[in-house]
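A.B. asks: Just protein_32.cif, nothing more (mmCIF, C-alpha atoms; chains and numbers go by the auth columns):
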data_query
#
loop_
_atom_site.group_PDB
_atom_site.id
_atom_site.type_symbol
_atom_site.label_atom_id
_atom_site.label_comp_id
_atom_site.label_asym_id
_atom_site.label_seq_id
_atom_site.Cartn_x
_atom_site.Cartn_y
_atom_site.Cartn_z
_atom_site.B_iso_or_equiv
_atom_site.auth_seq_id
_atom_site.auth_asym_id
ATOM 1 C CA MET A 1 74.326 50.914 -74.188 0.00 28 A
ATOM 2 C CA LYS A 2 72.281 50.213 -77.277 0.00 29 A
ATOM 3 C CA ILE A 3 68.532 49.622 -77.005 0.00 30 A
ATOM 4 C CA GLU A 4 65.811 48.865 -79.514 0.00 31 A
ATOM 5 C CA PHE A 5 62.163 49.674 -79.022 0.00 32 A
ATOM 6 C CA THR A 6 59.045 50.459 -81.000 0.00 33 A
ATOM 7 C CA LEU A 7 58.082 54.129 -81.012 0.00 34 A
ATOM 8 C CA ASN A 8 54.709 54.915 -82.559 0.00 35 A
ATOM 9 C CA ASN A 9 54.885 51.748 -84.682 0.00 36 A
ATOM 10 C CA ARG A 10 58.476 52.460 -85.833 0.00 37 A
ATOM 11 C CA THR A 11 61.475 50.462 -84.715 0.00 38 A
ATOM 12 C CA ILE A 12 64.065 52.653 -83.036 0.00 39 A
ATOM 13 C CA SER A 13 67.619 51.581 -82.342 0.00 40 A
ATOM 14 C CA THR A 14 69.604 54.067 -80.290 0.00 41 A
ATOM 15 C CA HIS A 15 72.415 54.428 -77.819 0.00 42 A
ATOM 16 C CA ILE A 16 71.623 55.605 -74.316 0.00 43 A
ATOM 17 C CA LEU A 17 73.700 56.686 -71.362 0.00 44 A
ATOM 18 C CA PRO A 18 73.618 54.878 -68.019 0.00 45 A
ATOM 19 C CA GLY A 19 70.884 56.453 -65.919 0.00 46 A
ATOM 20 C CA GLU A 20 69.188 58.089 -68.922 0.00 47 A
ATOM 21 C CA TYR A 21 65.452 58.491 -68.513 0.00 48 A
ATOM 22 C CA LEU A 22 62.893 57.793 -71.196 0.00 49 A
ATOM 23 C CA ILE A 23 61.911 61.462 -71.457 0.00 50 A
ATOM 24 C CA GLU A 24 65.492 62.265 -72.503 0.00 51 A
ATOM 25 C CA THR A 25 65.655 59.409 -75.007 0.00 52 A
ATOM 26 C CA LEU A 26 62.370 60.441 -76.604 0.00 53 A
ATOM 27 C CA GLN A 27 63.561 64.014 -76.928 0.00 54 A
ATOM 28 C CA LYS A 28 66.693 62.723 -78.704 0.00 55 A
ATOM 29 C CA CYS A 29 64.296 60.891 -81.051 0.00 56 A
ATOM 30 C CA ASN A 30 62.657 64.257 -81.911 0.00 57 A
ATOM 31 C CA ILE A 31 59.499 63.631 -79.918 0.00 58 A
ATOM 32 C CA HIS A 32 58.541 67.068 -78.680 0.00 59 A
ATOM 33 C CA SER A 33 55.079 66.393 -77.256 0.00 60 A
ATOM 34 C CA ILE A 34 56.565 65.003 -74.039 0.00 61 A
ATOM 35 C CA ARG A 35 56.672 67.765 -71.465 0.00 62 A
ATOM 36 C CA ARG A 36 58.865 68.211 -68.436 0.00 63 A
ATOM 37 C CA GLY A 37 56.989 68.969 -65.297 0.00 64 A
ATOM 38 C CA CYS A 38 58.019 67.979 -61.823 0.00 65 A
ATOM 39 C CA ASP A 39 60.585 65.229 -62.588 0.00 66 A
ATOM 40 C CA THR A 40 59.212 63.395 -59.531 0.00 67 A
ATOM 41 C CA THR A 41 56.253 61.472 -61.062 0.00 68 A
ATOM 42 C CA ASN A 42 53.717 63.757 -59.373 0.00 69 A
ATOM 43 C CA CYS A 43 52.233 65.769 -62.229 0.00 70 A
ATOM 44 C CA GLY A 44 51.777 63.364 -65.140 0.00 71 A
ATOM 45 C CA VAL A 45 52.721 65.808 -67.932 0.00 72 A
ATOM 46 C CA CYS A 46 55.497 63.494 -69.124 0.00 73 A
ATOM 47 C CA THR A 47 53.145 60.521 -69.532 0.00 74 A
ATOM 48 C CA VAL A 48 53.689 58.105 -72.409 0.00 75 A
ATOM 49 C CA LEU A 49 52.242 54.676 -73.047 0.00 76 A
ATOM 50 C CA LEU A 50 54.599 51.788 -72.359 0.00 77 A
ATOM 51 C CA ASP A 51 53.042 48.667 -73.847 0.00 78 A
ATOM 52 C CA ASP A 52 49.710 50.565 -73.851 0.00 79 A
ATOM 53 C CA LYS A 53 49.895 51.505 -70.145 0.00 80 A
ATOM 54 C CA PRO A 54 50.434 55.110 -68.983 0.00 81 A
ATOM 55 C CA VAL A 55 53.801 55.683 -67.304 0.00 82 A
ATOM 56 C CA PRO A 56 55.700 58.845 -66.315 0.00 83 A
ATOM 57 C CA SER A 57 58.651 59.035 -68.710 0.00 84 A
ATOM 58 C CA CYS A 58 60.606 61.060 -66.152 0.00 85 A
ATOM 59 C CA SER A 59 60.943 58.012 -63.911 0.00 86 A
ATOM 60 C CA VAL A 60 61.347 55.157 -66.395 0.00 87 A
ATOM 61 C CA LEU A 61 64.938 54.375 -67.247 0.00 88 A
ATOM 62 C CA SER A 62 65.454 54.075 -70.984 0.00 89 A
ATOM 63 C CA ALA A 63 67.093 50.686 -70.508 0.00 90 A
ATOM 64 C CA GLN A 64 63.732 49.409 -69.244 0.00 91 A
ATOM 65 C CA VAL A 65 62.040 49.971 -72.615 0.00 92 A
ATOM 66 C CA ASP A 66 64.419 47.741 -74.571 0.00 93 A
ATOM 67 C CA HIS A 67 62.201 45.496 -76.747 0.00 94 A
ATOM 68 C CA HIS A 68 59.010 47.244 -75.617 0.00 95 A
ATOM 69 C CA SER A 69 56.535 49.593 -77.290 0.00 96 A
ATOM 70 C CA ILE A 70 56.190 53.322 -76.606 0.00 97 A
ATOM 71 C CA THR A 71 53.292 55.450 -77.824 0.00 98 A
ATOM 72 C CA THR A 72 53.198 59.249 -77.768 0.00 99 A
ATOM 73 C CA VAL A 73 50.468 61.565 -79.074 0.00 100 A
ATOM 74 C CA GLU A 74 52.255 61.558 -82.421 0.00 101 A
ATOM 75 C CA GLY A 75 51.269 57.891 -82.642 0.00 102 A
ATOM 76 C CA ILE A 76 47.579 58.511 -81.932 0.00 103 A
ATOM 77 C CA ALA A 77 47.087 61.728 -83.888 0.00 104 A
ATOM 78 C CA HIS A 78 43.587 60.829 -85.130 0.00 105 A
ATOM 79 C CA GLU A 79 42.330 60.122 -81.593 0.00 106 A
ATOM 80 C CA THR A 80 44.046 63.226 -80.276 0.00 107 A
ATOM 81 C CA GLU A 81 42.269 65.384 -82.849 0.00 108 A
ATOM 82 C CA LYS A 82 38.867 64.002 -81.813 0.00 109 A
ATOM 83 C CA LEU A 83 39.554 64.583 -78.115 0.00 110 A
ATOM 84 C CA SER A 84 40.942 68.039 -78.849 0.00 111 A
ATOM 85 C CA ALA A 85 37.707 68.991 -80.617 0.00 112 A
ATOM 86 C CA HIS A 86 35.775 68.126 -77.458 0.00 113 A
ATOM 87 C CA PHE A 87 38.208 70.139 -75.352 0.00 114 A
ATOM 88 C CA GLY A 88 37.576 73.147 -77.591 0.00 115 A
ATOM 89 C CA LYS A 89 33.795 72.764 -77.377 0.00 116 A
ATOM 90 C CA GLU A 90 33.891 72.619 -73.582 0.00 117 A
ATOM 91 C CA GLY A 91 36.436 75.413 -73.131 0.00 118 A
ATOM 92 C CA ALA A 92 38.784 72.905 -71.501 0.00 119 A
ATOM 93 C CA ASP A 93 41.862 73.822 -73.506 0.00 120 A
ATOM 94 C CA GLN A 94 43.706 76.541 -71.652 0.00 121 A
ATOM 95 C CA CYS A 95 47.508 76.565 -71.852 0.00 122 A
ATOM 96 C CA GLY A 96 47.619 73.049 -73.323 0.00 123 A
ATOM 97 C CA TYR A 97 50.755 71.979 -71.464 0.00 124 A
ATOM 98 C CA CYS A 98 49.095 68.890 -69.956 0.00 125 A
ATOM 99 C CA ASN A 99 47.031 67.966 -73.012 0.00 126 A
ATOM 100 C CA PRO A 100 49.392 65.438 -74.679 0.00 127 A
ATOM 101 C CA ALA A 101 49.724 63.388 -71.491 0.00 128 A
ATOM 102 C CA LEU A 102 46.016 63.651 -70.773 0.00 129 A
ATOM 103 C CA ALA A 103 45.178 62.489 -74.310 0.00 130 A
ATOM 104 C CA LEU A 104 47.407 59.444 -73.877 0.00 131 A
ATOM 105 C CA ALA A 105 45.790 58.567 -70.556 0.00 132 A
ATOM 106 C CA VAL A 106 42.299 58.896 -72.078 0.00 133 A
ATOM 107 C CA PHE A 107 43.372 56.707 -75.009 0.00 134 A
ATOM 108 C CA ALA A 108 44.711 54.061 -72.602 0.00 135 A
ATOM 109 C CA LEU A 109 41.501 54.181 -70.577 0.00 136 A
ATOM 110 C CA ARG A 110 39.460 53.674 -73.743 0.00 137 A
ATOM 111 C CA LYS A 111 41.451 50.538 -74.546 0.00 138 A
ATOM 112 C CA GLU A 112 40.700 49.170 -71.074 0.00 139 A
ATOM 113 C CA ASN A 113 37.148 50.434 -70.666 0.00 140 A
ATOM 114 C CA SER A 114 35.229 51.821 -73.620 0.00 141 A
ATOM 115 C CA HIS A 115 32.235 52.869 -71.473 0.00 142 A
ATOM 116 C CA PRO A 116 33.663 54.346 -68.259 0.00 143 A
ATOM 117 C CA THR A 117 31.541 56.108 -65.707 0.00 144 A
ATOM 118 C CA SER A 118 32.415 59.624 -64.591 0.00 145 A
ATOM 119 C CA THR A 119 33.934 58.175 -61.415 0.00 146 A
ATOM 120 C CA GLU A 120 36.034 55.685 -63.396 0.00 147 A
ATOM 121 C CA ILE A 121 37.327 58.510 -65.602 0.00 148 A
ATOM 122 C CA ASP A 122 38.258 60.573 -62.537 0.00 149 A
ATOM 123 C CA GLU A 123 40.007 57.630 -60.891 0.00 150 A
ATOM 124 C CA TYR A 124 41.954 56.695 -64.026 0.00 151 A
ATOM 125 C CA LEU A 125 43.165 60.235 -64.636 0.00 152 A
ATOM 126 C CA VAL A 126 44.092 61.023 -61.025 0.00 153 A
ATOM 127 C CA GLY A 127 47.814 61.237 -61.859 0.00 154 A
ATOM 128 C CA ASN A 128 47.358 63.911 -64.526 0.00 155 A
ATOM 129 C CA LEU A 129 47.452 67.392 -63.078 0.00 156 A
ATOM 130 C CA CYS A 130 46.361 70.574 -64.781 0.00 157 A
ATOM 131 C CA ARG A 131 47.489 73.756 -63.139 0.00 158 A
ATOM 132 C CA CYS A 132 45.125 75.930 -65.178 0.00 159 A
ATOM 133 C CA SER A 133 41.757 74.390 -64.496 0.00 160 A
ATOM 134 C CA GLY A 134 39.589 72.687 -61.948 0.00 161 A
ATOM 135 C CA PHE A 135 39.097 69.754 -64.329 0.00 162 A
ATOM 136 C CA LYS A 136 35.343 70.350 -64.631 0.00 163 A
ATOM 137 C CA ASN A 137 35.427 71.276 -68.324 0.00 164 A
ATOM 138 C CA GLN A 138 38.098 68.678 -69.066 0.00 165 A
ATOM 139 C CA ASN A 139 35.933 65.983 -67.488 0.00 166 A
ATOM 140 C CA LYS A 140 32.927 67.149 -69.536 0.00 167 A
ATOM 141 C CA ALA A 141 35.034 67.008 -72.707 0.00 168 A
ATOM 142 C CA ILE A 142 36.360 63.542 -71.908 0.00 169 A
ATOM 143 C CA ALA A 143 32.849 62.252 -71.131 0.00 170 A
ATOM 144 C CA ALA A 144 31.610 63.695 -74.449 0.00 171 A
ATOM 145 C CA TYR A 145 34.502 62.009 -76.254 0.00 172 A
ATOM 146 C CA PHE A 146 33.541 58.639 -74.743 0.00 173 A
ATOM 147 C CA GLU A 147 29.874 59.209 -75.628 0.00 174 A
ATOM 148 C CA GLU A 148 30.804 59.969 -79.240 0.00 175 A
ATOM 149 C CA GLU A 149 33.060 56.911 -79.439 0.00 176 A
ATOM 150 C CA ALA A 150 30.298 54.692 -78.003 0.00 177 A
ATOM 151 C CA TYR A 151 27.850 56.083 -80.573 0.00 178 A
ATOM 152 C CA GLN A 152 30.329 55.421 -83.402 0.00 179 A
ATOM 153 C CA GLU A 153 30.824 51.827 -82.195 0.00 180 A
ATOM 154 C CA GLU A 154 27.055 51.272 -82.373 0.00 181 A
ATOM 155 C CA GLN A 155 26.874 52.433 -85.990 0.00 182 A
#
Just give me the structure as structure tokens.
C.D. replies:
Amino acid sequence: MKIEFTLNNRTISTHILPGEYLIETLQKCNIHSIRRGCDTTNCGVCTVLLDDKPVPSCSVLSAQVDHHSITTVEGIAHETEKLSAHFGKEGADQCGYCNPALALAVFALRKENSHPTSTEIDEYLVGNLCRCSGFKNQNKAIAAYFEEEAYQEEQ
């Protein structure tokens, strides 16, 4: 089956197999930031944005993205760099396996709510697991990122 979708602001036309999941299609498109985790939608490390909403690419059939938009961290590199700087400052960057998916979820949250509370951040990111940390430093880094973005908006 042939599908067409937008990937990081580029139109992609590709053939997929029946039952092929989005994670597999993106890997065929040379997107390497998408990680495999649990393959059961429990960990969030395969998260991508489908029409600006976080979804687990391990459970979305590729046929479902026909004529839709997919964003990966490659498509939000500038935002990812800013968030990554905060992760470094807070010591929140350990193995980094979950970071691409977490960055996408934070980016999606920012589009929905540019001034989230700590509780709103926690609730929005509940599906993103990190096996290395207790999330304390990650949450500090994400809060600092939102504070910086709010300050920049005011300028």
A.B. asks: Nearest to Val75 (chain A) among A:Ile169, A:Ile30, A:Ala112, A:Ala132, with distances taken over all atoms listed in the file: which residue is it?
C.D. replies: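 Among the listed residues, the smallest separation from Val75 (chain A) belongs to A:Ala132.
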A.B. asks: Just the residues within 10 Å of Thr38 (chain A), please, counting all atoms listed in the file, with nothing from its chain fewer than 4 positions along; format it as number ranges by chain.
C.D. replies: A: 31-34, 94-96
A.B. asks: For the file shown, what are the residues hit by the PyMOL selection byres ((chain A and resi 49) around 9), laid out as a PyMOL selection string?
C.D. replies: chain A and resi 47-48+50-54+83-92
A.B. asks: Export, as a PDB file, keeping the file's coordinate frame, the selected residues with C-alpha atoms.
C.D. replies:
ATOM      1  CA  GLU A  47      69.188  58.089 -68.922  1.00  0.00           C
ATOM      2  CA  TYR A  48      65.452  58.491 -68.513  1.00  0.00           C
ATOM      3  CA  ILE A  50      61.911  61.462 -71.457  1.00  0.00           C
ATOM      4  CA  GLU A  51      65.492  62.265 -72.503  1.00  0.00           C
ATOM      5  CA  THR A  52      65.655  59.409 -75.007  1.00  0.00           C
ATOM      6  CA  LEU A  53      62.370  60.441 -76.604  1.00  0.00           C
ATOM      7  CA  GLN A  54      63.561  64.014 -76.928  1.00  0.00           C
ATOM      8  CA  PRO A  83      55.700  58.845 -66.315  1.00  0.00           C
ATOM      9  CA  SER A  84      58.651  59.035 -68.710  1.00  0.00           C
ATOM     10  CA  CYS A  85      60.606  61.060 -66.152  1.00  0.00           C
ATOM     11  CA  SER A  86      60.943  58.012 -63.911  1.00  0.00           C
ATOM     12  CA  VAL A  87      61.347  55.157 -66.395  1.00  0.00           C
ATOM     13  CA  LEU A  88      64.938  54.375 -67.247  1.00  0.00           C
ATOM     14  CA  SER A  89      65.454  54.075 -70.984  1.00  0.00           C
ATOM     15  CA  ALA A  90      67.093  50.686 -70.508  1.00  0.00           C
ATOM     16  CA  GLN A  91      63.732  49.409 -69.244  1.00  0.00           C
ATOM     17  CA  VAL A  92      62.040  49.971 -72.615  1.00  0.00           C
TER      18      VAL A  92
END
A.B. asks: Tell me, as number ranges by chain, which residues lie within 8 Å of His142 (chain A), counting all atoms listed in the file; anything in the same chain fewer than 4 positions away does not count.
C.D. replies: A: 137, 173-174, 177
A.B. asks: Take the residues from that selection and put them in a file with C-alpha atoms, as a PDB file, in the coordinates of the input.
C.D. replies:
ATOM      1  CA  ARG A 137      39.460  53.674 -73.743  1.00  0.00           C
ATOM      2  CA  PHE A 173      33.541  58.639 -74.743  1.00  0.00           C
ATOM      3  CA  GLU A 174      29.874  59.209 -75.628  1.00  0.00           C
ATOM      4  CA  ALA A 177      30.298  54.692 -78.003  1.00  0.00           C
TER       5      ALA A 177
END
A.B. asks: Pick out the closest residue to Lys80 (chain A) from this set: A:Ser111, A:Ser40, A:Thr99, A:Ser60. Count only C-alpha atoms.
C.D. replies: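 Looking at the shortest contact to Lys80 (chain A), the residue is A:Thr99.
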A.B. asks: Between A:Glu175, A:Glu117, A:Glu180, A:Asp93, single out the one closest to Phe162 (chain A), counting all atoms listed in the file.
C.D. replies: A:Glu117
A.B. asks: Which value, in Å to one decimal, gives the distance between CA of Cys73 (chain A) and CA of Ile97 (chain A)?
C.D. replies: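 Spanning CA of Cys73 (chain A) to CA of Ile97 (chain A) is a straight-line distance of 12.6 Å.
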A.B. asks: One decimal, in Å: what's the spacing between CA of Thr107 (chain A) and CA of Ser141 (chain A)?
C.D. replies: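 These atoms are spaced 15.9 Å apart.
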A.B. asks: So how far away is CA of Leu129 (chain A) from CA of Gly154 (chain A), in Å?
C.D. replies: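 Going from CA of Gly154 (chain A) over to CA of Leu129 (chain A), I get 9.4 Å.
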A.B. asks: Which of these residues is nearest to Ser160 (chain A), using all atoms listed in the file: A:Ile39, A:Ala119, A:Leu44, A:Ile58?
C.D. replies: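 Of all the options, A:Ala119 lies closest to Ser160 (chain A).
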A.B. asks: Written as a VMD selection string, which residues does the PyMOL selection byres ((chain A and resi 130) around 9) give for the file shown?
C.D. replies: chain A and resid 100 103 106 to 107 110 to 111 125 to 129 131 to 135
A.B. asks: May I have the residues from that selection written out with C-alpha atoms, as a PDB file, in the frame of the given file?
C.D. replies:
ATOM      1  CA  VAL A 100      50.468  61.565 -79.074  1.00  0.00           C
ATOM      2  CA  ILE A 103      47.579  58.511 -81.932  1.00  0.00           C
ATOM      3  CA  GLU A 106      42.330  60.122 -81.593  1.00  0.00           C
ATOM      4  CA  THR A 107      44.046  63.226 -80.276  1.00  0.00           C
ATOM      5  CA  LEU A 110      39.554  64.583 -78.115  1.00  0.00           C
ATOM      6  CA  SER A 111      40.942  68.039 -78.849  1.00  0.00           C
ATOM      7  CA  CYS A 125      49.095  68.890 -69.956  1.00  0.00           C
ATOM      8  CA  ASN A 126      47.031  67.966 -73.012  1.00  0.00           C
ATOM      9  CA  PRO A 127      49.392  65.438 -74.679  1.00  0.00           C
ATOM     10  CA  ALA A 128      49.724  63.388 -71.491  1.00  0.00           C
ATOM     11  CA  LEU A 129      46.016  63.651 -70.773  1.00  0.00           C
ATOM     12  CA  LEU A 131      47.407  59.444 -73.877  1.00  0.00           C
ATOM     13  CA  ALA A 132      45.790  58.567 -70.556  1.00  0.00           C
ATOM     14  CA  VAL A 133      42.299  58.896 -72.078  1.00  0.00           C
ATOM     15  CA  PHE A 134      43.372  56.707 -75.009  1.00  0.00           C
ATOM     16  CA  ALA A 135      44.711  54.061 -72.602  1.00  0.00           C
TER      17      ALA A 135
END
A.B. asks: With all atoms of region 129-147 of chain A from the file as input, state the centre and edge lengths in Å to one decimal of the axis-aligned box that has 3 Å extra on each side, as lines of an AutoDock Vina configuration file.
C.D. replies:
center_x = 39.5
center_y = 56.4
center_z = -68.2
size_x = 21.9
size_y = 20.5
size_z = 19.6
A.B. asks: Any chance you could work out the residue set of the PyMOL selection byres ((chain A and resi 156) around 8) here, as an MDAnalysis selection string?
C.D. replies: chainID A and resid 70:72 125 153:155 157:158
A.B. asks: Create the file for the chosen residues now, containing C-alpha atoms and written as a compact mmCIF listing (two decimals), in the frame of the given file.
C.D. replies:
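This went into selection.txt:
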# COMPACT_ATOMS: atom_id res chain seq x y z
CA CYS A 70 52.23 65.77 -62.23
CA GLY A 71 51.78 63.36 -65.14
CA VAL A 72 52.72 65.81 -67.93
CA CYS A 125 49.10 68.89 -69.96
CA VAL A 153 44.09 61.02 -61.02
CA GLY A 154 47.81 61.24 -61.86
CA ASN A 155 47.36 63.91 -64.53
CA CYS A 157 46.36 70.57 -64.78
CA ARG A 158 47.49 73.76 -63.14
A.B. asks: Using only C-alpha atoms, pick whichever of A:Asp66, A:Glu147, A:Asp79, A:Glu139 has the shortest atom-to-atom distance to Gly102 (chain A).
C.D. replies: A:Asp79
